[in-house]
Amino acid sequence: MTHPAAVLVAHLALLSLISFGGMPGVLPDLHDFVVTSHGWISNQDFANSFAVVQAIPGPNMILLTSFIGWKVGGVPIAMAAALATFGPSCTLAFAVFRWWDRFRDRAWQQRLRRGLAPMTVGLVLAGGYAMARSGDVGPAGVAVTIAAIGIVLGTRLNPLWLIAAGGALGASGLL
Amino acid sequence: MALTAEEENPAAEIALAALFVGFLKISMCAFGGPVVWARRFIVERYRWLDDREFVEMLSFCQFLPGPNIVSLAVCIGAKFRGGAGALAALAGFIVMPWSVGFAAGALLLSYADAGVLQGVLRGIAAAAAGLIIGTGLKLLLPQRRRPASLLFAALAFAGLGLAKLPLLAVVIVLLPLSIAAAGRNAPAAA
């Protein structure tokens with residue numbers, strides 16, 4: 001049987017190349033693969049890792065796969081998991097961007113870009129909505145989300161204060 | 001759109017060090033969704049791109065596989081400084097933030113079952129969700145005079161967020177219509 005670390009790294013490299021629309025779209029697959037199929041980490045560990053990477057800065061999807069790698073084979077596999085998560089997709093992005101940028105003034109590309117933009121905004125909004133609905137959010141949590149939207153749109157307050165306030169409210173047990 | 005060529009003429013003055021530091025800051029601030037911080041630094045603070053250019057660049061990266069904002073770092077680096085720029089932005093985004101995040105996260109994970117920490121994480125997620133939604137709404141601003149764009153953004157949100165349809169299904173149905181609409185009414189001075 002192949003070493004689990006190699007299987008994990010190969011699977012992450014594959015997800016890196018097929019996760020069109022971003023890593024969140026392949027999270028269910030990743031969960032099935034590491035929790036259900038191989039039993040490398042428990043469901044609770046996966047959920048905790050996901051919650052933690054949402055709450056710390058940095059490249060959060062890469063950190064998520066790194067924590068899975070860490071459970072499988074320690075820090076070296078965490079690093080390999082990180083590289084497998086962004087290496088293939090970054091190489092592809094660079095190559096495709098060089099090609100795409102050559103045609104940036106063409107009418108067809110301007111039209112394509114204008115058509116894509118609303119999809120992207122919808123995707124960002126849906127991502128925020130999914131996060132707002134995740135876990136067992138009560139009315140207080142919804143109120144925090146709505147307040148954060150208002151503050152982002154209406155003020156120039158540094159959003160770090162909102163993160164800190166959300167964390168403090170959560171720590172106090174109000175949410 | 002007549003100004004596009006001049007507008008998008010790469011500002012060659014963006015130094016490799018600036019790309020490295022810029023994406024380092026984005027990553028180190030990126031609680032709960034790097035798109036919030038990418039827009040804040042790239043559009044508001046550094047003015048490397050305006051909102052429309054940012055959303056178009058983000059679109060390009062969002063429809064590629066892999067972590068989107070990492071691809072955004074690569075593409076913005078490449079746009080301004082070629083291969084070296086892509087590497088500088090990528091290194092800024094990943095190396096130090098990954099090390100710090102990994103250490104902090106590993107520490108947090110050993111307390112992950114504590115009730116207080118669960119509460120903190122819930123509170124941060126609630127605030128971060130608001131930041132992401134607010135940022136999404138800001139990205140709509142350059143398109144606010146184009147009813148078709150607003151309609152397709154709303155439909156994409158409804159399909160993905162409310163109906164929980166797969167991205168591929170939503171894109172296959174909506175994208176051709178959105179592109180058709182984008183061609184018919186060229187934007188006013190966007």
# chains A, B, ... in the order shown; residues from 1 in each chain; ligands from 1
$ residues_around --residues "segment 19-25 of chain A" --least-positions-apart "5" --cutoff "12 Å" --atoms "only C-alpha atoms" --output "ChimeraX atom specification"
/A:11-14,30-31,50,54,59-65,85-86,88-89,92-93,116,119-120,122-124,126-128,130-131 /B:33,58-72,160,164-171
$ interface_residues --of "chain B" --to "chain A" --cutoff "6 Å" --atoms "only C-alpha atoms" --output "MDAnalysis selection string"
chainID B and resid 27:32 56 59 62:68 71 97 101 116 119:121 123:124 126:127 129:134 136 149 152:153 156:157 160:161 178:179 182:183
$ select_by_dssp --residues "chain B" --states "helix (DSSP H, G or I)" --output "ChimeraX atom specification"
/B:4-7,16-29,34-45,51-62,68-109,115-143,147-162,167-184
$ residues_around --residues "Ile41 of chain A" --least-positions-apart "2" --cutoff "8 Å" --atoms "only C-alpha atoms" --output "NGL selection string"
:A and (34-35 or 39 or 43 or 45-46 or 68 or 71-72)
$ write_last_selection --atoms "C-alpha atoms" --output "PDB file, in the first residue's frame"
ATOM      1  CA  VAL A  34      -9.468  12.410   4.422  1.00  0.00           C
ATOM      2  CA  VAL A  35     -12.233  11.677   6.953  1.00  0.00           C
ATOM      3  CA  GLY A  39      -9.899   7.968   8.235  1.00  0.00           C
ATOM      4  CA  ASN A  43     -14.774  14.646  11.614  1.00  0.00           C
ATOM      5  CA  ASP A  45     -10.670  17.523  13.843  1.00  0.00           C
ATOM      6  CA  PHE A  46     -11.661  18.526  10.326  1.00  0.00           C
ATOM      7  CA  ILE A  68      -4.493  17.760   7.482  1.00  0.00           C
ATOM      8  CA  LYS A  71      -2.059  15.025  11.231  1.00  0.00           C
ATOM      9  CA  VAL A  72      -0.958  12.558   8.564  1.00  0.00           C
TER      10      VAL A  72
END
$ atom_distance --atom1 "atom CA of His38 of chain A" --atom2 "atom CA of Ala84 of chain A"
18.5 Å
$ atom_distance --atom1 "atom CA of Tyr111 of chain B" --atom2 "atom CA of Leu8 of chain A"
25.4 Å
$ atom_distance --atom1 "atom CA of Ala106 of chain B" --atom2 "atom CA of Ala88 of chain B"
26.7 Å
